[in-house]
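Below is input18.pdb, which holds PDB, C-alpha atoms and all ligand atoms.
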ATOM      1  CA  MET A   1      61.652 -77.520  -6.652
ATOM      2  CA  LYS A   2      62.245 -76.505  -3.088
ATOM      3  CA  VAL A   3      65.236 -77.628  -1.048
ATOM      4  CA  LYS A   4      66.343 -77.301   2.526
ATOM      5  CA  ILE A   5      70.016 -76.758   3.256
ATOM      6  CA  THR A   6      71.357 -79.523   5.454
ATOM      7  CA  ARG A   7      75.094 -78.770   5.665
ATOM      8  CA  PRO A   8      77.951 -77.032   3.925
ATOM      9  CA  THR A   9      80.563 -79.310   2.397
ATOM     10  CA  TYR A  10      83.033 -76.542   3.204
ATOM     11  CA  ASP A  11      82.581 -74.005   5.965
ATOM     12  CA  ASP A  12      83.332 -71.083   3.659
ATOM     13  CA  TYR A  13      80.351 -71.761   1.393
ATOM     14  CA  TRP A  14      77.824 -68.906   1.417
ATOM     15  CA  TYR A  15      75.125 -71.133   2.820
ATOM     16  CA  SER A  16      77.092 -72.285   5.850
ATOM     17  CA  LYS A  17      75.112 -69.620   7.720
ATOM     18  CA  HIS A  18      71.815 -70.741   6.207
ATOM     19  CA  ILE A  19      71.511 -74.321   7.434
ATOM     20  CA  GLY A  20      67.866 -75.321   7.698
ATOM     21  CA  GLU A  21      66.695 -72.551   5.340
ATOM     22  CA  GLU A  22      64.573 -73.323   2.311
ATOM     23  CA  PHE A  23      65.083 -72.084  -1.237
ATOM     24  CA  ASN A  24      63.360 -72.517  -4.573
ATOM     25  CA  VAL A  25      65.878 -73.945  -6.986
ATOM     26  CA  LYS A  26      66.245 -75.352 -10.449
ATOM     27  CA  GLU A  27      68.542 -78.055 -11.749
ATOM     28  CA  TYR A  28      71.794 -76.411 -12.842
ATOM     29  CA  ASN A  29      74.178 -79.254 -13.558
ATOM     30  CA  THR A  30      75.011 -82.707 -12.237
ATOM     31  CA  TYR A  31      76.267 -81.321  -8.930
ATOM     32  CA  ASP A  32      74.463 -78.044  -8.325
ATOM     33  CA  TYR A  33      71.104 -76.420  -7.977
ATOM     34  CA  GLN A  34      70.645 -72.734  -8.698
ATOM     35  CA  ILE A  35      68.396 -70.462  -6.657
ATOM     36  CA  ILE A  36      65.426 -68.988  -8.514
ATOM     37  CA  ASP A  37      63.826 -66.863  -5.782
ATOM     38  CA  ILE A  38      64.139 -63.527  -7.562
ATOM     39  CA  ASN A  39      63.649 -61.516  -4.396
ATOM     40  CA  SER A  40      66.303 -63.418  -2.477
ATOM     41  CA  ASP A  41      69.780 -62.004  -1.871
ATOM     42  CA  HIS A  42      70.972 -65.354  -3.127
ATOM     43  CA  TYR A  43      69.186 -65.309  -6.465
ATOM     44  CA  HIS A  44      71.350 -67.230  -8.971
ATOM     45  CA  ASP A  45      73.633 -68.612  -6.251
ATOM     46  CA  TYR A  46      74.396 -72.312  -6.204
ATOM     47  CA  ILE A  47      73.870 -75.087  -3.692
ATOM     48  CA  LEU A  48      75.589 -78.444  -3.924
ATOM     49  CA  LYS A  49      73.012 -81.179  -4.298
ATOM     50  CA  ASN A  50      74.851 -83.110  -1.600
ATOM     51  CA  ASP A  51      74.322 -80.257   0.827
ATOM     52  CA  CYS A  52      70.555 -80.111   0.739
ATOM     53  CA  GLU A  53      67.434 -82.206   0.607
ATOM     54  CA  ILE A  54      64.435 -81.840  -1.684
ATOM     55  CA  ILE A  55      61.376 -80.971   0.333
ATOM     56  CA  LYS A  56      58.948 -80.241  -2.486
ATOM     57  CA  ASN A  57      58.923 -81.065  -6.136
ATOM     58  CA  LYS A  58      58.123 -78.512  -8.819
ATOM     59  CA  GLN A  59      54.553 -79.526  -9.348
ATOM     60  CA  GLU A  60      53.741 -79.235  -5.658
ATOM     61  CA  ILE A  61      55.265 -75.761  -5.473
ATOM     62  CA  VAL A  62      53.433 -74.372  -8.474
ATOM     63  CA  LYS A  63      50.202 -75.835  -7.210
ATOM     64  CA  GLU A  64      50.773 -74.293  -3.810
ATOM     65  CA  GLU A  65      51.421 -70.887  -5.344
ATOM     66  CA  ILE A  66      48.170 -71.108  -7.246
ATOM     67  CA  VAL A  67      46.242 -72.101  -4.172
ATOM     68  CA  ASN A  68      47.811 -69.450  -1.991
ATOM     69  CA  ASN A  69      47.613 -66.994  -4.797
ATOM     70  CA  ASN A  70      50.109 -64.698  -3.208
ATOM     71  CA  LYS A  71      53.008 -63.924  -5.478
ATOM     72  CA  ASN A  72      53.374 -61.690  -8.445
ATOM     73  CA  ASN A  73      56.304 -62.927 -10.411
ATOM     74  CA  LEU A  74      57.292 -66.551 -10.367
ATOM     75  CA  TYR A  75      59.711 -68.128 -12.727
ATOM     76  CA  TYR A  76      59.744 -71.792 -13.435
ATOM     77  CA  ASN A  77      61.380 -73.962 -15.968
ATOM     78  CA  THR A  78      59.131 -76.784 -15.259
ATOM     79  CA  ASN A  79      57.023 -79.374 -16.964
ATOM     80  CA  LEU A  80      53.676 -80.013 -15.400
ATOM     81  CA  GLN A  81      51.448 -82.950 -16.087
ATOM     82  CA  MET A  82      48.034 -81.373 -16.228
ATOM     83  CA  TYR A  83      44.561 -82.383 -17.280
ATOM     84  CA  HIS A  84      42.991 -80.523 -20.137
ATOM     85  CA  ILE A  85      39.274 -80.423 -20.747
ATOM     86  CA  LYS A  86      37.894 -80.040 -24.236
ATOM     87  CA  LEU A  87      34.615 -80.272 -26.133
ATOM     88  CA  HIS A  88      34.344 -83.423 -28.219
ATOM     89  CA  ASP A  89      31.766 -84.454 -30.786
ATOM     90  CA  TYR A  90      29.999 -87.728 -30.392
ATOM     91  CA  LYS A  91      27.235 -89.429 -32.300
ATOM     92  CA  THR A  92      24.080 -90.512 -30.612
ATOM     93  CA  LYS A  93      20.590 -91.568 -31.564
ATOM     94  CA  ILE A  94      17.552 -89.564 -30.577
ATOM     95  CA  VAL A  95      13.874 -90.309 -30.863
ATOM     96  CA  CYS A  96      12.151 -88.688 -33.862
ATOM     97  CA  ASN A  97      10.215 -85.785 -32.495
ATOM     98  CA  LYS A  98       7.617 -85.838 -35.277
ATOM     99  CA  CYS A  99       6.812 -89.526 -34.802
ATOM    100  CA  TYR A 100       6.863 -89.115 -31.050
ATOM    101  CA  LYS A 101       4.228 -86.373 -31.252
ATOM    102  CA  ASN A 102       2.074 -88.586 -33.455
ATOM    103  CA  GLY A 103       2.365 -91.367 -30.907
ATOM    104  CA  GLN A 104       3.608 -93.867 -33.495
ATOM    105  CA  VAL A 105       6.376 -94.341 -36.030
ATOM    106  CA  ASP A 106       5.193 -93.222 -39.430
ATOM    107  CA  ASP A 107       6.981 -95.362 -42.029
ATOM    108  CA  LYS A 108       6.778 -92.475 -44.495
ATOM    109  CA  CYS A 109       8.095 -89.894 -41.977
ATOM    110  CA  PHE A 110      10.431 -87.521 -43.837
ATOM    111  CA  GLU A 111      12.299 -86.677 -40.628
ATOM    112  CA  CYS A 112      13.420 -90.169 -39.675
ATOM    113  CA  GLY A 113      12.653 -92.188 -42.797
ATOM    114  CA  GLY A 114      10.342 -94.443 -40.838
ATOM    115  CA  LYS A 115      12.972 -95.536 -38.346
ATOM    116  CA  GLY A 116      11.594 -93.563 -35.427
ATOM    117  CA  ILE A 117      15.091 -92.404 -34.510
ATOM    118  CA  HIS A 118      17.740 -89.993 -35.852
ATOM    119  CA  ASN A 119      21.475 -89.869 -35.729
ATOM    120  CA  LYS A 120      22.589 -86.708 -34.068
ATOM    121  CA  THR A 121      25.997 -85.237 -33.379
ATOM    122  CA  LYS A 122      26.217 -83.929 -29.862
ATOM    123  CA  GLN A 123      29.035 -82.503 -27.841
ATOM    124  CA  LYS A 124      30.437 -83.255 -24.450
ATOM    125  CA  TRP A 125      33.424 -82.216 -22.363
ATOM    126  CA  GLU A 126      36.189 -84.764 -22.005
ATOM    127  CA  ILE A 127      39.518 -84.946 -20.235
ATOM    128  CA  SER A 128      42.906 -85.494 -21.796
ATOM    129  CA  LYS A 129      46.367 -85.434 -20.266
ATOM    130  CA  LYS A 130      48.568 -82.554 -21.289
ATOM    131  CA  LEU A 131      52.184 -81.862 -20.503
ATOM    132  CA  ILE A 132      52.590 -78.115 -20.008
ATOM    133  CA  SER A 133      55.939 -76.439 -19.870
ATOM    134  CA  ILE A 134      55.624 -73.355 -17.712
ATOM    135  CA  ASP A 135      58.270 -70.695 -18.111
ATOM    136  CA  LYS A 136      56.769 -67.988 -16.006
ATOM    137  CA  ILE A 137      53.735 -67.113 -13.934
ATOM    138  CA  ASP A 138      52.680 -63.536 -13.412
ATOM    139  CA  ARG A 139      49.603 -61.333 -13.245
ATOM    140  CA  ASP A 140      48.092 -59.115 -15.879
ATOM    141  CA  GLU A 141      46.929 -55.524 -15.265
ATOM    142  CA  ASP A 142      43.663 -56.803 -13.803
ATOM    143  CA  GLY A 143      45.446 -59.067 -11.337
ATOM    144  CA  GLU A 144      44.580 -62.282 -13.115
ATOM    145  CA  LEU A 145      47.082 -65.079 -12.724
ATOM    146  CA  ARG A 146      48.753 -65.724 -16.041
ATOM    147  CA  TYR A 147      50.822 -68.732 -17.091
ATOM    148  CA  TRP A 148      53.376 -68.423 -19.828
ATOM    149  CA  GLU A 149      54.227 -71.312 -22.048
ATOM    150  CA  ASP A 150      56.895 -70.103 -24.430
ATOM    151  CA  LYS A 151      55.371 -66.899 -25.860
ATOM    152  CA  SER A 152      51.747 -67.734 -25.364
ATOM    153  CA  CYS A 153      49.890 -67.524 -22.117
ATOM    154  CA  PHE A 154      46.744 -68.824 -20.551
ATOM    155  CA  PHE A 155      44.667 -67.836 -17.593
ATOM    156  CA  TYR A 156      44.244 -70.621 -15.138
ATOM    157  CA  GLU A 157      41.523 -69.186 -12.938
ATOM    158  CA  MET A 158      39.393 -67.691 -15.690
ATOM    159  CA  ASP A 159      39.515 -70.416 -18.302
ATOM    160  CA  LYS A 160      39.515 -73.495 -16.084
ATOM    161  CA  TYR A 161      40.537 -75.605 -19.061
ATOM    162  CA  LEU A 162      43.588 -76.929 -17.282
ATOM    163  CA  HIS A 163      43.645 -78.710 -13.977
ATOM    164  CA  TYR A 164      46.249 -80.119 -11.673
ATOM    165  CA  SER A 165      44.363 -83.186 -10.658
ATOM    166  CA  TYR A 166      42.246 -85.635 -12.571
ATOM    167  CA  GLN A 167      39.529 -85.198  -9.967
ATOM    168  CA  ASP A 168      39.351 -81.410 -10.483
ATOM    169  CA  ALA A 169      39.171 -81.879 -14.247
ATOM    170  CA  LYS A 170      36.455 -84.470 -13.801
ATOM    171  CA  ASN A 171      34.386 -82.145 -11.623
ATOM    172  CA  GLU A 172      34.717 -79.294 -14.104
ATOM    173  CA  CYS A 173      33.738 -81.625 -16.980
ATOM    174  CA  LYS A 174      30.730 -82.771 -15.021
ATOM    175  CA  ARG A 175      29.679 -79.191 -14.312
ATOM    176  CA  ARG A 176      30.037 -78.185 -17.956
ATOM    177  CA  ASN A 177      28.230 -81.266 -19.234
ATOM    178  CA  LYS A 178      25.357 -80.507 -16.908
ATOM    179  CA  GLU A 179      25.283 -76.997 -18.359
ATOM    180  CA  LEU A 180      25.130 -78.439 -21.879
ATOM    181  CA  ILE A 181      22.199 -80.640 -20.926
ATOM    182  CA  SER A 182      20.326 -77.804 -19.261
ATOM    183  CA  LYS A 183      20.779 -75.733 -22.411
ATOM    184  CA  GLY A 184      18.839 -78.508 -24.096
ATOM    185  CA  ASP A 185      21.552 -79.638 -26.465
TER     186      ASP A 185
HETATM  187 ZN    ZN B 201       9.809 -89.810 -37.717
END

Now, as a test, write the supplied structure out as C-alpha cells.
Amino acid sequence: MKVKITRPTYDDYWYSKHIGEEFNVKEYNTYDYQIIDINSDHYHDYILKNDCEIIKNKQEIVKEEIVNNNKNNLYYNTNLQMYHIKLHDYKTKIVCNKCYKNGQVDDKCFECGGKGIHNKTKQKWEISKKLISIDKIDRDEDGELRYWEDKSCFFYEMDKYLHYSYQDAKNECKRRNKELISKGD
C-alpha cells in the first residue's frame, strides 16, 4: 500500500524531514510499516502507523503500475482479488443437419435417431473469481510484464486470462465467445 507521512512521533525519527512524502510500504508488525521502494534511500526503513495515513491500498497501486506500465522491478507481498476467464464445456441441443437438409425429420435418421435434434458439447468462456498472491512483478527479456506467484509466473498483457475488474473480464469473455462463434463452433 502507499502511505503519506503526516508527522513524526519524535523529532529525531528519520522521516521528520519527510512530512507529506509518499512511500510504498508493507505491513511489518502491529505498529510499523516497512518501506518497499527498492530504489529509495529508505528501503527497509520503518514508519509508525500512527505517523502516516494510507492513501492507496495494494490493489490500487498494482493496478496503477500495470496501467502506467512504467517500472521494471516491483515487489509486492499482496493478495489480489482478480477475475479469471476460462473455457468451460456446456451441453446444448442443435438441429440435425441431415434432417434439416431434407426439409423434414426422418424418423429413421441415423444422425439424430428421428428426434430432429442432437446433443452437442460446446465450449464458452466464463468468469470465476481468483485470489492471486503476487510476490513480484518484473519484465522478461522482451519487455513483457511478468507476474510472479510463488515460483510460477504469468504474463498479464499477453495472456489476458486475469483481470482486475469484473467488467474487464466480462468484455474479454464476450470478445472470445464471439470469436468462438465466428469460428463456427
Ligand atoms: Zn436427423

Using all atoms listed in the file, determine which residues lie at most 9 Å from Lys86 in chain A, disregarding the query and same-chain residues fewer than 2 positions distant; provide the list as a short mmCIF file (atom, residue, chain, number, x, y, z; two decimals) with C-alpha atoms, in the coordinates of the input.
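What landed in out.cif:
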data_model
loop_
_atom_site.label_atom_id
_atom_site.label_comp_id
_atom_site.auth_asym_id
_atom_site.auth_seq_id
_atom_site.Cartn_x
_atom_site.Cartn_y
_atom_site.Cartn_z
CA HIS A 84 42.99 -80.52 -20.14
CA HIS A 88 34.34 -83.42 -28.22
CA LYS A 124 30.44 -83.26 -24.45
CA TRP A 125 33.42 -82.22 -22.36
CA GLU A 126 36.19 -84.76 -22.00
CA ILE A 127 39.52 -84.95 -20.24
CA SER A 128 42.91 -85.49 -21.80
CA TYR A 161 40.54 -75.60 -19.06
CA CYS A 173 33.74 -81.62 -16.98
#

Practice problem: May I ask which of the residues A:Ile94, A:Leu87, A:Ile54, A:Cys153 is the closest one to Lys120 in chain A, counting only C-alpha atoms? | Solution: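 So, comparing all the options, the nearest one is A:Ile94.
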
Counting all atoms listed in the file, which residues of chain A sit at most 10 Å from some atom of ligand ZN 201 (chain B), and what is each one's closest atom pair with its distance in Å to one decimal, listed by chain and rising residue number, as CSV?
residue,atom,partner,partner_atom,distance
A:Val95,CA,B:ZN201,ZN,8.0
A:Cys96,CA,B:ZN201,ZN,4.6
A:Asn97,CA,B:ZN201,ZN,6.6
A:Lys98,CA,B:ZN201,ZN,5.2
A:Cys99,CA,B:ZN201,ZN,4.2
A:Tyr100,CA,B:ZN201,ZN,7.3
A:Lys101,CA,B:ZN201,ZN,9.2
A:Asn102,CA,B:ZN201,ZN,8.9
A:Gln104,CA,B:ZN201,ZN,8.5
A:Val105,CA,B:ZN201,ZN,5.9
A:Asp106,CA,B:ZN201,ZN,6.0
A:Asp107,CA,B:ZN201,ZN,7.6
A:Lys108,CA,B:ZN201,ZN,7.9
A:Cys109,CA,B:ZN201,ZN,4.6
A:Phe110,CA,B:ZN201,ZN,6.6
A:Glu111,CA,B:ZN201,ZN,4.9
A:Cys112,CA,B:ZN201,ZN,4.1
A:Gly113,CA,B:ZN201,ZN,6.3
A:Gly114,CA,B:ZN201,ZN,5.6
A:Lys115,CA,B:ZN201,ZN,6.6
A:Gly116,CA,B:ZN201,ZN,4.7
A:Ile117,CA,B:ZN201,ZN,6.7
A:His118,CA,B:ZN201,ZN,8.1

Quiz item: How many Å separate CA of Asn57 in chain A from CA of Asp135 in chain A?
Solution: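 The value is 15.9 Å.
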
Exercise. Please write the residues picked by the PyMOL selection byres (((chain A and resi 3) around 8) and not hetatm) on this file as a list in words.
Key: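 In the shown coordinates, the PyMOL selection byres (((chain A and resi 3) around 8) and not hetatm) covers Met1, Lys2, Lys4, Ile5, Glu22, Phe23, Asn24, Val25, Cys52, Glu53, Ile54, Ile55 and Lys56 of chain A.
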
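Take CA of Tyr166 in chain A and CA of Tyr83 in chain A: the distance between them is 6.2 Å.
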
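Taking CA of Asp150 in chain A and CA of Tyr164 in chain A as the two end points, the separation is 19.4 Å.
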
Quiz prompt | Target residues per the PyMOL selection byres (((chain A and resi 9) around 12) and not hetatm), formatted as a ChimeraX atom specification | solution = /A:5-8,10-16,19,47-52

Self-check item: Near-Arg175 in chain A list (12 Å; all atoms listed in the file; drop same-chain fewer than 4 positions) as a PyMOL selection string
Solution: chain A and resi 85+124-126+160+168-171+179-182

Exercise. Translate the PyMOL selection byres (((chain A and resi 33) around 9) and not hetatm), as applied to the file shown, into an explicit residue set as a list in words.
Key: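 With the PyMOL selection byres (((chain A and resi 33) around 9) and not hetatm) on this model, the match is Val25, Lys26, Glu27, Tyr28, Asn29, Thr30, Tyr31, Asp32, Gln34, Ile35, Asp45, Tyr46, Ile47, Leu48 and Lys49 of chain A.
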
Quiz item: With all atoms listed in the file as the basis for distance, which of A:Gln123, A:Asp159, A:Gly103, A:Leu131 is at the shortest distance from Glu144 in chain A?
Solution: A:Asp159

Quiz item: For Lys129 in chain A, which residue among A:Lys183, A:His163, A:Lys17, A:Arg146 is the nearest when counting all atoms listed in the file?
Solution: A:His163
